[in-house]
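Novice: What follows is entry.txt, made up of compact mmCIF, C-alpha atoms:
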```txt
# COMPACT_ATOMS: atom_id res chain seq x y z
CA MET G 1 15.66 -2.27 -10.32
CA HIS G 2 12.73 -0.02 -9.45
CA LEU G 3 10.28 1.98 -11.51
CA VAL G 4 10.08 5.44 -9.95
CA ARG G 5 8.25 8.68 -10.62
CA CYS G 6 10.21 11.87 -10.05
CA SER G 7 8.47 14.14 -7.53
CA ARG G 8 9.39 17.43 -9.23
CA SER G 9 8.89 16.69 -12.92
CA SER G 10 6.54 13.68 -12.68
CA ARG G 11 8.89 12.07 -15.21
CA TRP G 12 9.25 8.30 -14.87
CA ALA G 13 12.60 6.55 -14.63
CA VAL G 14 14.16 3.20 -13.86
CA ARG G 15 16.54 3.10 -10.92
CA ALA G 16 19.19 0.42 -11.26
CA ALA G 17 22.54 -0.30 -9.64
CA ASP G 18 24.27 2.14 -12.01
CA GLY G 19 21.87 5.01 -11.31
CA TYR G 20 18.72 6.40 -12.91
CA ARG G 21 17.72 5.96 -16.55
CA ALA G 22 14.84 8.07 -17.83
CA LEU G 23 11.88 6.57 -19.62
CA PRO G 24 10.48 8.36 -22.71
CA ALA G 25 8.70 11.62 -21.91
CA GLY G 26 5.29 10.18 -22.75
CA PHE G 27 5.60 7.19 -20.42
CA SER G 28 2.81 6.64 -17.90
CA LEU G 29 2.09 3.82 -15.49
CA GLY G 30 -1.37 3.40 -16.97
CA ASP G 31 -0.01 2.87 -20.47
CA ALA G 32 2.58 0.42 -19.17
CA LEU G 33 -0.13 -1.61 -17.40
CA SER G 34 -2.68 -1.37 -20.22
CA ALA G 35 -1.95 -4.79 -21.70
CA ASP G 36 -0.01 -7.76 -20.31
CA LEU G 37 3.19 -8.38 -18.36
CA ALA G 38 5.26 -8.65 -21.54
CA HIS G 39 4.11 -5.16 -22.58
CA PHE G 40 5.02 -3.77 -19.14
CA ARG G 41 8.48 -5.31 -19.33
CA THR G 42 9.08 -4.04 -22.86
CA LEU G 43 8.28 -0.46 -21.88
CA LEU G 44 10.61 -0.60 -18.88
CA ASP G 45 13.39 -1.86 -21.14
CA ALA G 46 13.07 1.39 -23.11
CA ALA G 47 14.80 3.35 -20.32
CA ALA G 48 18.05 4.61 -21.81
CA GLU G 49 18.86 8.27 -21.14
CA ARG G 50 20.97 8.89 -18.04
CA PHE G 51 19.07 10.80 -15.39
CA ASP G 52 20.28 12.75 -12.37
CA GLU G 53 19.26 11.23 -9.05
CA VAL G 54 15.91 12.61 -7.92
CA ALA G 55 13.51 12.34 -5.01
CA PRO G 56 10.84 9.72 -5.78
CA GLY G 57 7.18 10.68 -5.70
CA ALA G 58 4.26 8.28 -5.31
CA PRO G 59 4.63 5.68 -8.10
CA VAL G 60 1.18 6.25 -9.59
CA ASP G 61 -0.58 8.29 -12.26
CA PRO G 62 -3.25 10.78 -11.14
CA ASP G 63 -5.98 8.35 -12.26
CA THR G 64 -4.47 5.14 -10.85
CA GLU G 65 -6.97 3.26 -8.69
CA VAL G 66 -5.68 1.93 -5.38
CA TRP G 67 -7.67 -0.81 -3.67
CA ALA G 68 -6.98 -2.70 -0.46
CA ALA G 69 -7.72 -6.02 1.19
CA GLY G 70 -8.63 -6.43 4.84
CA VAL G 71 -8.29 -9.16 7.48
CA THR G 72 -5.79 -11.18 5.46
CA TYR G 73 -3.47 -11.90 8.41
CA ARG G 74 -4.31 -13.53 11.73
CA GLN G 75 -2.90 -10.49 13.57
CA SER G 76 -5.27 -8.22 11.65
CA ARG G 77 -8.25 -10.43 12.46
CA GLU G 78 -7.39 -10.37 16.17
CA ALA G 79 -6.90 -6.60 16.15
CA ARG G 80 -10.25 -5.99 14.42
CA VAL G 81 -12.03 -8.31 16.87
CA GLU G 82 -10.43 -6.40 19.75
CA GLU G 83 -11.49 -2.98 18.49
CA SER G 84 -14.94 -3.69 17.08
CA THR G 85 -18.42 -3.56 18.54
CA GLU G 86 -19.25 -6.26 15.95
CA PRO G 87 -16.28 -8.69 16.23
CA ASP G 88 -18.01 -11.65 14.60
CA ILE G 89 -17.90 -10.17 11.10
CA TYR G 90 -14.09 -10.08 11.16
CA GLN G 91 -13.84 -13.64 12.36
CA ARG G 92 -16.15 -14.76 9.55
CA VAL G 93 -14.44 -12.86 6.72
CA TYR G 94 -11.01 -14.20 7.69
CA ASP G 95 -12.11 -17.75 6.88
CA ALA G 96 -14.64 -16.96 4.18
CA GLU G 97 -14.00 -17.82 0.54
CA ARG G 98 -14.62 -14.21 -0.53
CA PRO G 99 -12.04 -11.67 0.77
CA GLU G 100 -12.75 -8.17 2.01
CA LEU G 101 -11.80 -5.68 -0.72
CA PHE G 102 -12.41 -1.94 -0.64
CA PHE G 103 -11.51 1.15 -2.62
CA LYS G 104 -8.73 3.07 -0.89
CA SER G 105 -7.61 6.01 -3.03
CA ILE G 106 -7.22 7.58 -6.46
CA GLY G 107 -3.67 8.28 -7.57
CA ARG G 108 -3.75 12.05 -7.24
CA ARG G 109 -4.40 11.69 -3.48
CA VAL G 110 -1.64 9.14 -2.81
CA ARG G 111 1.35 10.30 -0.79
CA GLY G 112 4.89 9.34 -1.75
CA HIS G 113 8.12 8.70 0.13
CA ASP G 114 8.96 11.60 2.47
CA GLU G 115 5.54 13.20 1.98
CA ALA G 116 3.23 13.63 4.96
CA ILE G 117 0.47 11.21 5.88
CA GLY G 118 -2.56 12.32 7.89
CA VAL G 119 -4.64 11.54 10.96
CA ARG G 120 -8.28 12.56 11.30
CA PRO G 121 -9.28 15.26 13.82
CA ASP G 122 -12.37 13.26 14.83
CA SER G 123 -10.53 10.02 15.57
CA THR G 124 -9.01 8.95 18.89
CA TRP G 125 -7.07 5.90 17.72
CA ASP G 126 -5.04 6.08 14.50
CA VAL G 127 -2.51 3.59 13.19
CA PRO G 128 -0.30 3.01 10.17
CA GLU G 129 -0.77 -0.36 8.51
CA PRO G 130 2.34 -1.63 6.67
CA GLU G 131 1.46 -3.70 3.63
CA LEU G 132 2.81 -5.25 0.47
CA ALA G 133 0.93 -3.83 -2.52
CA VAL G 134 0.72 -5.56 -5.89
CA VAL G 135 0.77 -3.60 -9.15
CA VAL G 136 -1.53 -5.31 -11.63
CA THR G 137 -1.89 -5.09 -15.41
CA ALA G 138 -5.19 -4.63 -17.23
CA GLY G 139 -5.08 -8.36 -17.95
CA GLY G 140 -4.90 -9.25 -14.26
CA GLU G 141 -1.20 -10.18 -14.10
CA ILE G 142 0.96 -9.04 -11.19
CA ALA G 143 3.62 -6.80 -12.75
CA GLY G 144 5.33 -5.53 -9.62
CA TYR G 145 5.31 -4.75 -5.94
CA THR G 146 5.49 -1.60 -3.83
CA VAL G 147 5.21 -0.64 -0.16
CA CYS G 148 1.90 0.70 1.16
CA ASP G 149 0.94 2.48 4.35
CA ASP G 150 -2.82 1.98 4.72
CA VAL G 151 -3.36 4.63 7.40
CA SER G 152 -6.52 3.88 9.36
CA SER G 153 -8.73 5.16 12.16
CA ARG G 154 -9.32 2.17 14.41
CA SER G 155 -11.70 4.12 16.65
CA ILE G 156 -14.03 4.99 13.76
CA GLU G 157 -14.05 1.54 12.19
CA GLY G 158 -14.39 -0.05 15.62
CA GLU G 159 -17.45 2.02 16.43
CA ASN G 160 -19.33 0.63 13.44
CA PRO G 161 -18.00 -1.43 10.48
CA LEU G 162 -20.20 0.64 8.14
CA TYR G 163 -17.91 3.57 8.91
CA LEU G 164 -15.06 1.82 7.04
CA PRO G 165 -14.85 4.43 4.22
CA GLN G 166 -14.43 7.22 6.78
CA ALA G 167 -11.84 5.17 8.66
CA LYS G 168 -9.87 4.46 5.50
CA MET G 169 -10.36 7.39 3.09
CA PHE G 170 -9.23 10.87 4.07
CA ALA G 171 -6.38 13.26 3.28
CA GLY G 172 -3.07 11.50 3.75
CA ALA G 173 -4.55 8.05 4.37
CA THR G 174 -2.59 6.29 1.61
CA ALA G 175 1.15 6.28 0.97
CA LEU G 176 2.99 4.22 -1.65
CA GLY G 177 6.61 3.93 -2.66
CA PRO G 178 9.36 4.60 -2.98
CA GLY G 179 9.12 2.73 -6.30
CA ILE G 180 7.78 -0.37 -8.01
CA ARG G 181 9.95 -3.51 -7.96
CA PRO G 182 9.20 -5.65 -11.03
CA ALA G 183 7.59 -8.99 -10.28
CA TRP G 184 10.28 -10.94 -12.15
CA GLU G 185 12.86 -9.70 -9.63
CA ILE G 186 10.98 -11.07 -6.59
CA PRO G 187 11.39 -14.87 -6.68
CA ASP G 188 9.00 -15.57 -3.78
CA PRO G 189 6.52 -12.87 -2.71
CA TYR G 190 5.47 -15.08 0.22
CA ALA G 191 8.92 -14.87 1.82
CA LEU G 192 9.26 -11.12 2.39
CA GLU G 193 9.92 -9.61 5.81
CA ILE G 194 7.86 -6.52 6.66
CA GLU G 195 9.22 -4.19 9.32
CA MET G 196 7.68 -1.02 10.73
CA THR G 197 9.28 1.52 13.04
CA ILE G 198 7.51 4.61 14.39
CA PHE G 199 9.66 7.45 15.69
CA ARG G 200 8.50 10.10 18.13
CA GLY G 201 10.82 12.92 19.14
CA GLY G 202 13.70 11.10 17.49
CA GLU G 203 13.17 7.97 19.60
CA VAL G 204 11.58 4.65 18.68
CA ALA G 205 7.99 4.72 19.94
CA TRP G 206 6.83 1.46 18.36
CA GLU G 207 8.38 -1.26 16.21
CA GLY G 208 7.41 -4.66 14.92
CA THR G 209 8.18 -7.27 12.30
CA SER G 210 5.91 -9.54 10.28
CA GLY G 211 6.16 -11.23 6.91
CA THR G 212 4.17 -12.25 3.87
CA GLY G 213 4.64 -15.89 4.84
CA GLN G 214 1.80 -15.27 7.32
CA LEU G 215 -0.58 -14.06 4.61
CA HIS G 216 -3.84 -16.02 4.81
CA ARG G 217 -4.75 -15.38 1.15
CA ARG G 218 -3.01 -15.99 -2.16
CA LEU G 219 -2.09 -12.82 -4.02
CA ASP G 220 -3.58 -14.06 -7.28
CA ASP G 221 -6.78 -14.95 -5.41
CA LEU G 222 -7.12 -11.36 -4.15
CA VAL G 223 -6.47 -10.01 -7.65
CA GLY G 224 -8.94 -12.48 -9.11
CA TYR G 225 -11.77 -11.26 -6.89
CA LEU G 226 -10.97 -7.65 -7.79
CA PHE G 227 -11.33 -8.50 -11.50
CA ARG G 228 -14.46 -10.66 -11.17
CA ALA G 229 -16.92 -7.91 -12.05
CA ASP G 230 -14.87 -4.92 -13.21
CA ARG G 231 -12.16 -3.90 -15.65
CA TYR G 232 -9.05 -1.81 -15.07
CA PRO G 233 -7.88 -0.71 -18.51
CA ARG G 234 -4.96 1.25 -17.04
CA GLY G 235 -4.09 -1.29 -14.40
CA VAL G 236 -4.68 -1.14 -10.66
CA ILE G 237 -2.79 -1.31 -7.38
CA LEU G 238 -4.05 -3.63 -4.65
CA SER G 239 -2.66 -3.47 -1.12
CA THR G 240 -2.80 -6.92 0.43
CA GLY G 241 -3.44 -6.37 4.13
CA THR G 242 -1.34 -5.99 7.24
CA GLY G 243 0.21 -8.32 9.77
CA LEU G 244 1.37 -5.49 12.05
CA VAL G 245 -1.19 -3.51 14.03
CA PRO G 246 -0.22 -1.39 17.07
CA GLY G 247 -2.39 -2.10 20.11
CA GLN G 248 -4.77 0.07 22.07
CA ASP G 249 -1.90 1.67 23.97
CA PHE G 250 -0.59 3.39 20.83
CA THR G 251 -2.00 6.01 18.48
CA LEU G 252 -0.28 8.11 15.82
CA THR G 253 0.17 11.78 16.62
CA PRO G 254 1.31 14.69 14.45
CA GLY G 255 5.10 14.87 14.46
CA ASP G 256 5.59 11.09 14.36
CA ARG G 257 7.57 9.51 11.53
CA VAL G 258 6.57 6.10 10.16
CA GLN G 259 9.13 3.93 8.39
CA ILE G 260 8.07 0.74 6.62
CA ARG G 261 10.50 -1.69 5.01
CA VAL G 262 9.45 -4.62 2.83
CA ASP G 263 12.33 -6.95 2.08
CA GLY G 264 13.43 -6.64 -1.54
CA VAL G 265 10.79 -4.01 -2.33
CA GLY G 266 11.96 -0.87 -0.54
CA THR G 267 11.58 1.46 2.42
CA LEU G 268 8.78 4.02 2.67
CA ALA G 269 9.02 6.81 5.25
CA ASN G 270 6.44 9.50 6.04
CA ASP G 271 5.94 12.18 8.67
CA VAL G 272 2.51 12.56 10.29
CA LEU G 273 0.36 15.71 10.08
CA PRO G 274 -3.28 16.50 10.85
CA ALA G 275 -5.24 15.46 7.76
CA LEU G 276 -6.54 18.97 7.09
CA GLU G 277 -2.99 20.34 6.89
CA ILE G 278 -2.12 18.14 3.94
CA GLY G 279 -2.22 19.95 0.61
```
Output the file's structure as structure tokens, nothing else.
Specialist:
Amino acid sequence: MHLVRCSRSSRWAVRAADGYRALPAGFSLGDALSADLAHFRTLLDAAAERFDEVAPGAPVDPDTEVWAAGVTYRQSREARVEESTEPDIYQRVYDAERPELFFKSIGRRVRGHDEAIGVRPDSTWDVPEPELAVVVTAGGEIAGYTVCDDVSSRSIEGENPLYLPQAKMFAGATALGPGIRPAWEIPDPYALEIEMTIFRGGEVAWEGTSGTGQLHRRLDDLVGYLFRADRYPRGVILSTGTGLVPGQDFTLTPGDRVQIRVDGVGTLANDVLPALEIG
């Protein structure tokens, strides 16, 4: 099953094999993540009322924090070394005990399935980054998984690593969805295939496949560092890094469509617009 948020009403529901079942009108992701995994599971079990099929929005509340991890796959390390004027820092962080973690978005800015993602007007090299994201309770337990597109400007980050916030945070730079797959339904999160296809003019312009088996970090280790010096009373989402990075011969352009599939979690698809055209 998947926990989904309806794009029109913002009402939450559980999508199962027999269709959609609505959660109580007062349900929010933050409340569901405010305690432990047992609390999260109990609230999802409250879905009862039949619900007409709806288009899923981003599976977040307006105040949900979304964080991300960097250089957690060998492919990502090699791509960052290739693009950067300071390649040594990426080589060091890949093997360091402490991971790279950074704030990515607040919930109200997150794009959902079939909503547009953006590219910056002052960037010359833009890529989608397909990632598995973990949905974490206030107590630090992984409650579920969703698909993330961590849209990035490689030209801006490559120019200077201190430009990371500008390379990672702008209109349409974060997409999540189409729903949240509960953790108890994913027996091995380190055995998930990740596939990305980019369409241009109806044709495949780029495609690749990776998998969480190549992840250089443990998921609970990434979560643990996030919780070392802060609290998340309404839970948090942490995207865990990418193992698929298009090379220097490819950049996103408006009109492209990015499709990301994570085995067992779902498929997230988004069209590309200039960042300033995203509402």
Novice: One number please: atom CA of Arg108 of chain G to atom CA of Phe250 of chain G, in Å, one decimal.
Specialist: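 Distance reported for this atom pair: 29.5 Å.
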Novice: List the spatial neighbours of segment 129-132 of chain G as a PyMOL selection string - criterion: any atom at most 7 Å away, all atoms listed in the file, same-chain residues fewer than 5 positions off excluded.
Specialist: chain G and resi 145-151+196+239-242+244-245+260
Novice: Take the selection from the previous step and output its residues with C-alpha atoms, as an mmCIF file, keeping the file's coordinate frame.
Specialist:
```
data_model
loop_
_atom_site.group_PDB
_atom_site.id
_atom_site.type_symbol
_atom_site.label_atom_id
_atom_site.label_comp_id
_atom_site.auth_asym_id
_atom_site.auth_seq_id
_atom_site.Cartn_x
_atom_site.Cartn_y
_atom_site.Cartn_z
ATOM 1 C CA TYR G 145 5.310 -4.750 -5.940
ATOM 2 C CA THR G 146 5.490 -1.600 -3.830
ATOM 3 C CA VAL G 147 5.210 -0.640 -0.160
ATOM 4 C CA CYS G 148 1.900 0.700 1.160
ATOM 5 C CA ASP G 149 0.940 2.480 4.350
ATOM 6 C CA ASP G 150 -2.820 1.980 4.720
ATOM 7 C CA VAL G 151 -3.360 4.630 7.400
ATOM 8 C CA MET G 196 7.680 -1.020 10.730
ATOM 9 C CA SER G 239 -2.660 -3.470 -1.120
ATOM 10 C CA THR G 240 -2.800 -6.920 0.430
ATOM 11 C CA GLY G 241 -3.440 -6.370 4.130
ATOM 12 C CA THR G 242 -1.340 -5.990 7.240
ATOM 13 C CA LEU G 244 1.370 -5.490 12.050
ATOM 14 C CA VAL G 245 -1.190 -3.510 14.030
ATOM 15 C CA ILE G 260 8.070 0.740 6.620
#
```
Novice: Which residues, written as a PyMOL selection string, have at least one atom at most 10 Å from Leu164 of chain G, with all atoms listed in the file counted and residues fewer than 4 positions away on the same chain left out?
Specialist: chain G and resi 102+152-154+156-160+168-169
Novice: Counting only C-alpha atoms, what is within 10 Å of Pro274 of chain G, bar same-chain residues fewer than 5 positions away, as a list of chain:residue names?
Specialist: G:Ala116, G:Ile117, G:Gly118, G:Val119, G:Arg120, G:Pro121, G:Ala171, G:Gly172, G:Thr253, G:Pro254, G:Gly255
Novice: Given only C-alpha atoms as the basis, pick out the residue of G:Val258, G:Leu37, G:Ala68, G:Leu238 nearest to Ala205 of chain G.
Specialist: G:Val258
Novice: Residues within 9 Å of Thr137 of chain G, please, as an MDAnalysis selection string. Count all atoms listed in the file; anything in the same chain fewer than 2 positions from it doesn't count.
Specialist: chainID G and resid 30 32:37 40 135 139:143 232:237
